[in-house]
>>> print(open('my_file02.cif').read())   # mmCIF, C-alpha atoms
data_my_file
#
loop_
_atom_site.label_atom_id
_atom_site.label_comp_id
_atom_site.auth_asym_id
_atom_site.auth_seq_id
_atom_site.Cartn_x
_atom_site.Cartn_y
_atom_site.Cartn_z
CA MET O 1 93.30 137.76 74.69
CA TRP O 2 91.38 138.54 77.90
CA ALA O 3 89.52 135.25 77.47
CA LEU O 4 92.81 133.33 77.42
CA ILE O 5 94.01 135.17 80.54
CA ALA O 6 90.74 134.53 82.36
CA THR O 7 90.81 130.86 81.38
CA SER O 8 94.38 130.38 82.55
CA ILE O 9 93.61 132.04 85.87
CA ALA O 10 90.57 129.77 86.29
CA MET O 11 92.71 126.73 85.40
CA LEU O 12 95.34 127.73 87.93
CA SER O 13 92.77 128.05 90.69
CA VAL O 14 91.23 124.71 89.74
CA MET O 15 94.69 123.14 89.88
CA ALA O 16 95.19 124.66 93.32
CA LEU O 17 91.84 123.27 94.49
CA ALA O 18 92.65 119.82 93.13
CA LEU O 19 96.00 119.84 94.92
CA ALA O 20 94.29 120.99 98.13
CA ARG O 21 91.87 118.08 97.78
CA ALA O 22 94.78 115.70 97.28
CA LEU O 23 96.56 117.02 100.37
CA LYS O 24 93.48 117.02 102.62
CA ALA O 25 91.89 113.70 101.70
CA GLU O 26 90.14 111.02 103.72
CA THR O 27 91.20 108.00 101.69
CA VAL O 28 94.08 107.20 99.42
CA TYR O 29 91.66 107.11 96.46
CA ASP O 30 90.62 110.71 97.06
CA ARG O 31 94.27 111.62 96.88
CA ILE O 32 94.72 109.83 93.55
CA LEU O 33 91.55 111.48 92.23
CA GLY O 34 92.90 114.92 93.13
CA VAL O 35 96.28 114.20 91.57
CA ASN O 36 94.64 112.89 88.39
CA MET O 37 92.51 116.01 88.06
CA PHE O 38 95.58 118.15 88.69
CA GLY O 39 97.37 116.31 85.88
CA THR O 40 94.65 116.66 83.24
CA LYS O 41 94.13 120.31 84.13
CA THR O 42 97.89 120.89 83.88
CA ALA O 43 97.90 119.49 80.34
CA LEU O 44 95.08 121.83 79.32
CA PHE O 45 96.74 124.73 81.15
CA ILE O 46 100.00 124.21 79.25
CA ALA O 47 98.03 124.31 75.99
CA VAL O 48 96.28 127.57 76.96
CA LEU O 49 99.60 129.03 78.10
CA GLY O 50 101.14 128.25 74.72
CA PHE O 51 98.44 130.22 72.95
CA LEU O 52 98.76 133.05 75.47
CA GLY O 53 102.46 133.35 74.71
CA GLY O 54 101.91 132.96 70.97
CA ARG O 55 103.94 129.74 70.92
CA PRO O 56 101.67 126.81 70.00
CA ASP O 57 104.73 124.51 70.14
CA PHE O 58 103.77 124.09 73.79
CA LEU O 59 101.09 121.67 72.56
CA ASP O 60 103.70 118.92 72.17
CA ILE O 61 104.57 119.29 75.83
CA ALA O 62 100.88 119.23 76.73
CA ILE O 63 100.31 115.97 74.80
CA VAL O 64 103.32 114.33 76.43
CA TYR O 65 102.15 115.53 79.85
CA ALA O 66 98.69 114.06 79.28
CA LEU O 67 100.17 110.69 78.28
CA ILE O 68 102.63 110.52 81.16
CA ASN O 69 99.87 111.49 83.59
CA PHE O 70 97.69 108.63 82.36
CA ILE O 71 100.48 106.05 82.50
CA GLY O 72 101.45 107.22 85.97
CA MET O 73 97.85 106.95 87.16
CA ILE O 74 97.51 103.39 85.90
CA ALA O 75 100.83 102.42 87.47
CA VAL O 76 99.87 103.84 90.86
CA LEU O 77 96.44 102.19 90.72
CA ARG O 78 97.96 98.80 89.81
CA PHE O 79 100.03 99.15 92.94
CA PHE O 80 97.17 100.22 95.20
CA GLU O 81 94.45 97.90 93.91
CA TYR O 82 95.71 95.06 96.07
CA THR O 83 97.49 96.85 98.91
CA ALA O 84 95.31 99.81 99.86
CA SER O 85 92.47 98.04 101.66
CA SER O 86 94.36 97.84 104.93
CA GLU O 87 95.40 101.48 104.75
CA SER O 88 91.88 102.75 103.99
CA ASP O 89 90.62 100.74 106.97
CA ASN O 90 93.17 102.49 109.13
CA THR O 91 92.16 105.95 107.92
CA GLU O 92 88.50 105.16 108.48
CA GLU O 93 89.18 104.06 112.02
CA SER O 94 91.36 107.04 112.80
CA SER O 95 88.65 109.43 111.51
CA LYS O 96 86.08 107.90 113.87
CA MET J 1 86.32 138.70 64.88
CA ILE J 2 83.36 136.34 65.03
CA LEU J 3 85.77 133.44 65.56
CA ASP J 4 87.46 135.34 68.38
CA THR J 5 84.15 135.98 70.15
CA LEU J 6 83.05 132.37 69.69
CA SER J 7 86.36 131.11 71.00
CA ALA J 8 86.12 133.44 74.01
CA ILE J 9 82.64 132.09 74.78
CA LEU J 10 83.85 128.48 74.53
CA LEU J 11 86.90 129.16 76.72
CA ILE J 12 84.88 130.92 79.41
CA CYS J 13 82.30 128.10 79.41
CA GLY J 14 85.16 125.63 79.79
CA ALA J 15 86.62 127.61 82.67
CA PHE J 16 83.21 127.71 84.36
CA PHE J 17 82.71 123.95 84.07
CA SER J 18 86.21 123.30 85.37
CA VAL J 19 85.58 125.49 88.43
CA THR J 20 82.30 123.60 88.90
CA GLY J 21 84.18 120.32 88.91
CA ALA J 22 86.68 121.59 91.46
CA VAL J 23 83.89 122.88 93.74
CA GLY J 24 82.10 119.55 93.38
CA LEU J 25 85.29 117.83 94.46
CA PHE J 26 84.85 119.57 97.84
CA LYS J 27 81.07 119.66 98.14
CA PHE J 28 80.12 116.10 97.30
CA PRO J 29 79.74 113.75 100.26
CA ASP J 30 81.65 110.58 99.37
CA PHE J 31 84.38 109.29 97.10
CA PHE J 32 82.19 107.85 94.34
CA THR J 33 80.18 111.05 93.93
CA ARG J 34 83.42 113.03 93.83
CA VAL J 35 84.54 110.91 90.89
CA HIS J 36 81.46 112.19 89.05
CA ALA J 37 82.45 115.78 89.76
CA ALA J 38 85.93 115.13 88.40
CA SER J 39 84.55 113.40 85.31
CA VAL J 40 82.60 116.55 84.38
CA THR J 41 85.87 118.40 84.16
CA ASP J 42 87.49 115.54 82.30
CA SER J 43 85.07 115.34 79.39
CA VAL J 44 83.30 118.67 78.93
CA VAL J 45 86.14 120.98 79.86
CA THR J 46 88.51 119.19 77.48
CA LEU J 47 85.99 119.52 74.66
CA LEU J 48 85.19 123.17 75.28
CA ILE J 49 88.72 124.43 75.84
CA VAL J 50 90.23 122.51 72.94
CA ALA J 51 87.41 123.73 70.66
CA GLY J 52 88.00 127.28 71.90
CA LEU J 53 91.74 127.03 71.20
CA MET J 54 91.12 125.45 67.78
CA LEU J 55 89.26 128.56 66.65
CA ARG J 56 92.36 130.62 67.45
CA THR J 57 94.70 128.65 65.18
CA ASN J 58 95.33 129.27 61.48
CA PHE J 59 93.80 125.82 60.79
CA ASP J 60 97.12 124.05 60.12
CA LEU J 61 99.15 121.40 61.94
CA VAL J 62 98.43 123.09 65.28
CA THR J 63 94.72 122.38 64.86
CA VAL J 64 95.49 118.72 64.21
CA LYS J 65 97.68 118.60 67.31
CA LEU J 66 94.87 120.06 69.39
CA PHE J 67 92.51 117.45 67.96
CA ILE J 68 94.94 114.64 68.79
CA MET J 69 95.28 115.98 72.32
CA ALA J 70 91.48 116.05 72.74
CA VAL J 71 91.20 112.45 71.53
CA PHE J 72 93.92 111.34 73.97
CA LEU J 73 92.32 113.10 76.90
CA LEU J 74 88.84 111.79 76.04
CA LEU J 75 90.15 108.22 75.75
CA THR J 76 92.33 108.24 78.85
CA GLY J 77 90.01 110.25 81.14
CA PRO J 78 87.21 107.69 81.47
CA THR J 79 89.72 104.84 81.59
CA ALA J 80 91.47 106.45 84.54
CA SER J 81 88.15 107.18 86.32
CA HIS J 82 87.04 103.60 85.80
CA ALA J 83 90.34 102.17 87.02
CA LEU J 84 90.17 104.42 90.07
CA ALA J 85 86.55 103.49 90.91
CA LYS J 86 87.21 99.81 90.33
CA SER J 87 90.24 99.70 92.57
CA ALA J 88 88.40 101.69 95.24
CA ARG J 89 85.55 99.19 95.04
CA HIS J 90 87.92 96.23 95.28
CA GLY J 91 89.75 98.00 98.08
CA GLY J 92 86.50 97.83 100.06
CA LEU J 93 85.26 101.41 99.89
CA LEU J 94 81.47 101.63 100.40
CA THR J 95 79.07 103.85 98.49
CA LEU J 96 76.94 106.36 100.38
CA PRO J 97 73.75 104.24 100.69
CA GLU J 98 75.78 101.20 101.72
CA SER J 99 77.74 103.06 104.37
CA LYS J 100 74.50 104.55 105.75
CA ALA J 101 73.05 101.04 105.99
CA SER J 102 76.12 99.68 107.73
CA ASP J 103 76.09 102.66 110.14
CA GLU J 104 72.49 101.86 111.09
CA GLN J 105 73.38 98.22 111.56
CA SER J 106 76.25 99.03 113.87
CA LYS J 107 74.03 101.46 115.82
CA GLU J 108 71.42 98.74 116.29
CA ARG J 109 74.11 96.37 117.41
CA GLY J 110 75.44 98.98 119.82
CA SER J 111 72.03 99.69 121.43
CA MET H 1 94.16 80.03 59.62
CA SER H 2 95.07 81.75 56.35
CA THR H 3 92.07 84.10 56.65
CA HIS H 4 93.28 85.03 60.09
CA ASN H 5 96.74 85.71 58.69
CA ASN H 6 95.32 87.87 55.92
CA ARG H 7 93.29 89.84 58.39
CA SER H 8 96.23 90.44 60.67
CA ILE H 9 98.41 91.54 57.73
CA ILE H 10 95.75 94.10 56.77
CA HIS H 11 95.54 95.11 60.41
CA ILE H 12 99.31 95.66 60.61
CA ALA H 13 99.31 97.57 57.32
CA ILE H 14 96.56 99.90 58.53
CA TRP H 15 98.42 100.51 61.77
CA GLY H 16 101.65 101.26 59.91
CA LEU H 17 99.87 103.81 57.74
CA VAL H 18 98.11 105.42 60.73
CA LEU H 19 101.35 105.66 62.70
CA ALA H 20 103.23 107.17 59.72
CA ILE H 21 100.54 109.82 59.24
CA PHE H 22 100.59 110.41 62.99
CA TRP H 23 104.36 111.02 62.97
CA VAL H 24 104.21 113.45 60.04
CA LEU H 25 101.33 115.39 61.61
CA LEU H 26 103.05 115.68 64.95
CA SER H 27 106.48 116.61 63.64
CA GLY H 28 105.73 118.70 60.54
CA TYR H 29 109.38 118.55 59.42
CA PHE H 30 110.50 116.83 56.23
CA THR H 31 114.29 116.59 56.66
CA PRO H 32 115.82 113.18 55.82
CA LEU H 33 117.05 112.62 59.37
CA LEU H 34 113.66 113.18 61.01
CA LEU H 35 111.80 111.18 58.36
CA SER H 36 114.15 108.21 58.78
CA LEU H 37 113.79 108.40 62.56
CA GLY H 38 110.03 108.35 62.03
CA ALA H 39 110.23 105.32 59.75
CA LEU H 40 112.37 103.56 62.35
CA SER H 41 109.88 104.15 65.15
CA VAL H 42 106.93 103.10 62.98
CA VAL H 43 108.72 99.83 62.16
CA LEU H 44 109.51 99.30 65.83
CA VAL H 45 105.91 99.82 66.97
CA VAL H 46 104.50 97.68 64.14
CA ALA H 47 106.92 94.88 65.05
CA LEU H 48 105.69 95.05 68.64
CA LEU H 49 102.09 94.94 67.42
CA TRP H 50 102.87 91.93 65.26
CA LYS H 51 104.26 90.07 68.25
CA MET H 52 101.28 91.01 70.43
CA ASP H 53 98.85 89.86 67.74
CA SER H 54 100.53 86.49 67.40
CA ILE H 55 100.39 86.01 71.17
CA ASP H 56 96.78 86.91 71.93
CA GLY H 57 95.38 85.90 68.54
CA GLN H 58 92.60 88.48 68.45
CA VAL H 59 92.42 91.40 66.09
CA PRO H 60 90.08 93.96 67.57
CA LEU H 61 89.00 96.66 65.17
CA LEU H 62 86.48 99.36 65.85
CA PRO H 63 84.70 100.32 62.65
CA LEU H 64 85.72 103.83 61.70
CA ASN H 65 82.85 104.69 59.38
CA LEU H 66 80.06 107.22 59.13
CA LYS H 67 77.94 105.32 61.64
CA PHE H 68 80.69 105.58 64.22
CA LEU H 69 80.93 109.31 63.55
CA ARG H 70 77.18 109.65 64.04
CA TYR H 71 77.45 107.74 67.34
CA ASP H 72 80.23 110.12 68.43
CA ILE H 73 78.13 113.17 67.66
CA TRP H 74 75.18 111.70 69.52
CA LEU H 75 77.49 110.92 72.45
CA LEU H 76 78.78 114.51 72.49
CA GLY H 77 75.17 115.69 72.79
CA GLN H 78 74.62 113.30 75.71
CA ILE H 79 77.80 114.51 77.40
CA PHE H 80 76.70 118.14 77.27
CA LYS H 81 73.18 117.33 78.44
CA SER H 82 74.30 115.36 81.47
CA SER H 83 77.10 117.78 82.35
CA ILE H 84 74.54 120.53 82.70
CA GLN H 85 72.57 118.25 85.03
CA VAL H 86 75.65 117.51 87.14
CA THR H 87 76.54 121.22 87.19
CA LYS H 88 73.08 121.99 88.56
CA LEU H 89 73.62 119.33 91.23
CA VAL H 90 77.00 120.78 92.24
CA TRP H 91 75.65 124.27 92.73
CA SER H 92 72.46 123.12 94.51
CA ASN H 93 72.21 121.69 98.01
CA THR H 94 74.34 118.55 97.94
CA THR H 95 73.21 117.12 101.28
CA THR H 96 70.04 115.79 99.65
CA LEU H 97 72.07 113.89 97.08
CA GLN H 98 71.01 110.27 96.62
CA PRO H 99 73.57 108.33 94.63
CA VAL H 100 72.55 104.87 93.48
CA MET H 101 74.44 101.79 92.44
CA VAL H 102 72.81 99.17 90.23
CA LYS H 103 73.78 96.15 88.17
CA LEU H 104 72.67 96.36 84.57
CA PRO H 105 72.33 93.11 82.58
CA ILE H 106 74.63 93.11 79.55
CA ASP H 107 74.41 89.52 78.32
CA HIS H 108 72.41 90.61 75.25
CA ILE H 109 75.15 93.01 74.12
CA PRO H 110 77.88 91.66 71.79
CA LEU H 111 81.33 91.31 73.33
CA LYS H 112 82.96 94.07 71.27
CA ALA H 113 80.18 96.53 72.01
CA ARG H 114 80.54 96.09 75.78
CA VAL H 115 83.82 98.01 75.84
CA LEU H 116 82.27 100.84 73.87
CA TYR H 117 79.15 100.82 76.04
CA ALA H 118 80.99 100.84 79.38
CA ASN H 119 83.37 103.55 78.21
CA SER H 120 80.49 105.68 76.94
CA ILE H 121 78.79 105.35 80.32
CA THR H 122 81.92 106.54 82.10
CA LEU H 123 82.52 109.37 79.63
CA THR H 124 79.03 110.72 80.27
CA PRO H 125 79.14 112.73 83.50
CA GLY H 126 76.83 111.54 86.26
CA THR H 127 77.23 107.86 85.48
CA LEU H 128 80.26 105.70 86.12
CA SER H 129 80.81 102.06 85.25
CA ILE H 130 82.63 100.40 88.12
CA ASP H 131 82.85 96.70 87.51
CA ILE H 132 82.09 94.34 84.66
CA ASP H 133 81.68 90.57 84.45
CA ASP H 134 80.04 88.20 81.98
CA GLU H 135 76.46 89.11 82.81
CA HIS H 136 76.39 92.38 84.69
CA LEU H 137 77.82 95.87 84.58
CA SER H 138 77.87 97.75 87.90
CA VAL H 139 76.98 101.38 87.35
CA HIS H 140 77.15 104.14 89.93
CA ALA H 141 75.03 107.22 89.27
CA LEU H 142 74.38 110.53 90.99
CA GLN H 143 70.65 110.41 90.31
CA ASN H 144 68.13 107.63 89.89
CA HIS H 145 66.96 109.46 86.78
CA SER H 146 70.13 108.73 84.79
CA ILE H 147 69.93 105.04 85.69
CA MET H 148 66.41 104.93 84.30
CA GLU H 149 67.72 106.44 81.09
CA LEU H 150 70.44 103.78 80.81
CA ALA H 151 67.99 101.00 81.65
CA SER H 152 65.77 102.06 78.76
CA GLY H 153 68.59 100.67 76.63
CA ASP H 154 68.99 103.46 74.10
CA MET H 155 72.76 103.72 74.45
CA ALA H 156 73.20 99.93 74.54
CA ARG H 157 71.20 99.54 71.35
CA ARG H 158 73.20 102.21 69.54
CA ALA H 159 76.52 100.70 70.65
CA SER H 160 75.57 97.16 69.62
CA THR H 161 74.21 98.04 66.16
CA LEU H 162 77.50 99.83 65.51
CA VAL H 163 79.55 96.70 66.08
CA LYS H 164 77.18 94.28 64.37
CA ASP H 165 77.30 96.15 61.09
CA GLY H 166 81.01 96.90 61.25
CA ALA H 167 82.22 93.37 62.00
#
>>> encode(input="my_file02.cif", output="structure tokens")
Amino acid sequence: MWALIATSIAMLSVMALALARALKAETVYDRILGVNMFGTKTALFIAVLGFLGGRPDFLDIAIVYALINFIGMIAVLRFFEYTASSESDNTEESSK
Amino acid sequence: MILDTLSAILLICGAFFSVTGAVGLFKFPDFFTRVHAASVTDSVVTLLIVAGLMLRTNFDLVTVKLFIMAVFLLLTGPTASHALAKSARHGGLLTLPESKASDEQSKERGS
Amino acid sequence: MSTHNNRSIIHIAIWGLVLAIFWVLLSGYFTPLLLSLGALSVVLVVALLWKMDSIDGQVPLLPLNLKFLRYDIWLLGQIFKSSIQVTKLVWSNTTTLQPVMVKLPIDHIPLKARVLYANSITLTPGTLSIDIDDEHLSVHALQNHSIMELASGDMARRASTLVKDGA
């Protein structure tokens, strides 16, 4: 039981770090990277939480979360692949 | 009892690797290296934590669900990293050696 | 043409079976309502697959045999080995980090194996496949060492034998 608690605390802090990275990022891609990591860690965290509460039904939610996260990532990247170059130029210039 | 201990070891290892990935996300110098740090968490942490949770089930449908989840995450993780790196590359982001080279060039031009 | 039709019928049948098993495993209920809903969604997805197959005309199948399983186990070993390397790099001094980006030739690898190869590279921590065209695969790596390992061609050979025998 203590292992599950320790793991979920570690997952929560990792999720916080990933979100912090996404908020304080230099380029738009760093932001997407942080959000993606937050999403995959959330799916795993939901699974661990289900076992912690003795309700493995949570796994269904975790699977759906993982799938939606992936589809969302691809959708956002499709959008940014052709439009982000101008914005990343701007951020580079403003950081100089 | 043995299963519980083994599962605890796997879970703690998974937690350690995931913290490593998050620290790498802050410590590494440029975007492409940070993708590597995130990909550690994507593949190894998924494997370790799902394996750790599998040992805690009664080996029924829940185990299968965990397995399916691991397969999904292992298939989608690299695909997402690749899509991200590719679109960053096409968006004109430079890797560390390239940006160093272009910095030196612009310095030479400036002096 | 008829061989192609036969192959795609087998393909559709396999997918229908896989999806039905998938539904039963995920739901775990055997009431008439839920089973009929499952049958409905399997038919829907298979119909979509049928349409997609008749549009793009290619039936990609990865061989799911013992060889593939052995490749997976080998890949798991690689993943753990290189994650430990990347972990060491994260906790050491990262200012001395020297990432490299190279183009690996892939024209000797069969078309089907390229997907497997590039995905395996990305799945292994420390290496990341960025771009692919007909002749080259751009790979970004944290260390020169892991590029040398890829260039020795071990992973490429394993991936291509897998497809050659399965096709």
>>> resolve_selection(input="my_file02.cif", expression="the PyMOL selection byres ((chain J) within 6 of (chain O))", output="PyMOL selection string")
chain J and resi 8+15+19+22+69+87+91
>>> interface_residues(input="my_file02.cif", of="chain J", to="chain H", cutoff="7 Å", atoms="all atoms listed in the file", output="PyMOL selection string")
chain J and resi 20+24+27-28+33+36+39-40+43-44+61+65+78+82+85-86+96
>>> write_last_selection(input="my_file02.cif", atoms="C-alpha atoms", output="mmCIF file, keeping the file's coordinate frame")
data_model
loop_
_atom_site.group_PDB
_atom_site.id
_atom_site.type_symbol
_atom_site.label_atom_id
_atom_site.label_comp_id
_atom_site.auth_asym_id
_atom_site.auth_seq_id
_atom_site.Cartn_x
_atom_site.Cartn_y
_atom_site.Cartn_z
ATOM 1 C CA THR J 20 82.300 123.600 88.900
ATOM 2 C CA GLY J 24 82.100 119.550 93.380
ATOM 3 C CA LYS J 27 81.070 119.660 98.140
ATOM 4 C CA PHE J 28 80.120 116.100 97.300
ATOM 5 C CA THR J 33 80.180 111.050 93.930
ATOM 6 C CA HIS J 36 81.460 112.190 89.050
ATOM 7 C CA SER J 39 84.550 113.400 85.310
ATOM 8 C CA VAL J 40 82.600 116.550 84.380
ATOM 9 C CA SER J 43 85.070 115.340 79.390
ATOM 10 C CA VAL J 44 83.300 118.670 78.930
ATOM 11 C CA LEU J 61 99.150 121.400 61.940
ATOM 12 C CA LYS J 65 97.680 118.600 67.310
ATOM 13 C CA PRO J 78 87.210 107.690 81.470
ATOM 14 C CA HIS J 82 87.040 103.600 85.800
ATOM 15 C CA ALA J 85 86.550 103.490 90.910
ATOM 16 C CA LYS J 86 87.210 99.810 90.330
ATOM 17 C CA LEU J 96 76.940 106.360 100.380
#
>>> atom_distance(input="my_file02.cif", atom1="atom CA of O:Leu12", atom2="atom CA of J:Ile12")
13.9 Å
>>> atom_distance(input="my_file02.cif", atom1="atom CA of J:Leu6", atom2="atom CA of J:Gly52")
7.4 Å
>>> residues_around(input="my_file02.cif", residues="H:Arg158", least_positions_apart="3", cutoff="12 Å", atoms="only C-alpha atoms", output="count of residues only")
24
>>> residues_around(input="my_file02.cif", residues="stretch 38-48 of chain H", least_positions_apart="2", cutoff="7 Å", atoms="all atoms listed in the file", output="ChimeraX atom specification")
/H:12,16,19-20,23,34-36,50-52
>>> atom_distance(input="my_file02.cif", atom1="atom CA of H:Leu69", atom2="atom CA of H:Ile147")
25.1 Å
>>> resolve_selection(input="my_file02.cif", expression="the PyMOL selection byres ((chain J and resi 46) around 8)", output="JSON, numbers by chain")
{"O": [44], "J": [14, 41, 42, 43, 44, 45, 47, 48, 49, 50, 70, 73, 74]}
>>> resolve_selection(input="my_file02.cif", expression="the PyMOL selection byres ((chain H and resi 136) around 8)", output="list in words")
Lys103, Leu104, Pro105, Ile106, Asp107, Ile132, Asp133, Asp134, Glu135, Leu137 and Ser138 of chain H
>>> residues_around(input="my_file02.cif", residues="J:Thr95", least_positions_apart="4", cutoff="8 Å", atoms="all atoms listed in the file", output="ChimeraX atom specification")
/J:30-32,99 /H:101
>>> closest_residue(input="my_file02.cif", among="O:Leu23, O:Val35, O:Gly50, O:Ile61", to="chain H", atoms="all atoms listed in the file")
O:Ile61
>>> decode(input="my_file02.cif", residues="stretch 24-67 of chain O", atoms="C-alpha atoms", output="mmCIF file, in the first residue's frame")
data_model
loop_
_atom_site.group_PDB
_atom_site.id
_atom_site.type_symbol
_atom_site.label_atom_id
_atom_site.label_comp_id
_atom_site.auth_asym_id
_atom_site.auth_seq_id
_atom_site.Cartn_x
_atom_site.Cartn_y
_atom_site.Cartn_z
ATOM 1 C CA LYS O 24 7.352 28.468 -18.591
ATOM 2 C CA ALA O 25 8.494 27.424 -22.050
ATOM 3 C CA GLU O 26 10.671 29.076 -24.675
ATOM 4 C CA THR O 27 8.962 27.707 -27.774
ATOM 5 C CA VAL O 28 5.515 26.446 -28.572
ATOM 6 C CA TYR O 29 6.955 22.936 -29.014
ATOM 7 C CA ASP O 30 8.243 22.895 -25.445
ATOM 8 C CA ARG O 31 4.733 23.698 -24.342
ATOM 9 C CA ILE O 32 3.266 20.809 -26.342
ATOM 10 C CA LEU O 33 5.965 18.487 -24.975
ATOM 11 C CA GLY O 34 5.046 19.443 -21.410
ATOM 12 C CA VAL O 35 1.344 18.996 -22.049
ATOM 13 C CA ASN O 36 1.935 15.602 -23.679
ATOM 14 C CA MET O 37 3.975 14.399 -20.716
ATOM 15 C CA PHE O 38 1.287 15.703 -18.367
ATOM 16 C CA GLY O 39 -1.301 13.701 -20.310
ATOM 17 C CA THR O 40 0.532 10.367 -20.300
ATOM 18 C CA LYS O 41 1.413 10.750 -16.631
ATOM 19 C CA THR O 42 -2.235 11.552 -15.862
ATOM 20 C CA ALA O 43 -3.329 8.307 -17.512
ATOM 21 C CA LEU O 44 -0.864 6.314 -15.418
ATOM 22 C CA PHE O 45 -1.817 8.284 -12.299
ATOM 23 C CA ILE O 46 -5.501 7.461 -12.775
ATOM 24 C CA ALA O 47 -4.577 3.774 -13.027
ATOM 25 C CA VAL O 48 -2.512 3.912 -9.812
ATOM 26 C CA LEU O 49 -5.300 5.830 -8.083
ATOM 27 C CA GLY O 50 -7.790 3.130 -9.026
ATOM 28 C CA PHE O 51 -5.666 0.488 -7.340
ATOM 29 C CA LEU O 52 -5.140 2.735 -4.323
ATOM 30 C CA GLY O 53 -8.892 3.061 -3.867
ATOM 31 C CA GLY O 54 -9.477 -0.633 -4.560
ATOM 32 C CA ARG O 55 -11.537 0.190 -7.657
ATOM 33 C CA PRO O 56 -9.727 -1.095 -10.769
ATOM 34 C CA ASP O 57 -12.689 0.130 -12.877
ATOM 35 C CA PHE O 58 -10.712 3.360 -13.087
ATOM 36 C CA LEU O 59 -8.590 1.624 -15.738
ATOM 37 C CA ASP O 60 -11.288 2.249 -18.353
ATOM 38 C CA ILE O 61 -11.034 5.961 -17.671
ATOM 39 C CA ALA O 62 -7.243 5.749 -17.874
ATOM 40 C CA ILE O 63 -7.373 4.029 -21.285
ATOM 41 C CA VAL O 64 -9.823 6.598 -22.632
ATOM 42 C CA TYR O 65 -7.668 9.409 -21.250
ATOM 43 C CA ALA O 66 -4.572 7.997 -22.959
ATOM 44 C CA LEU O 67 -6.392 7.757 -26.298
#
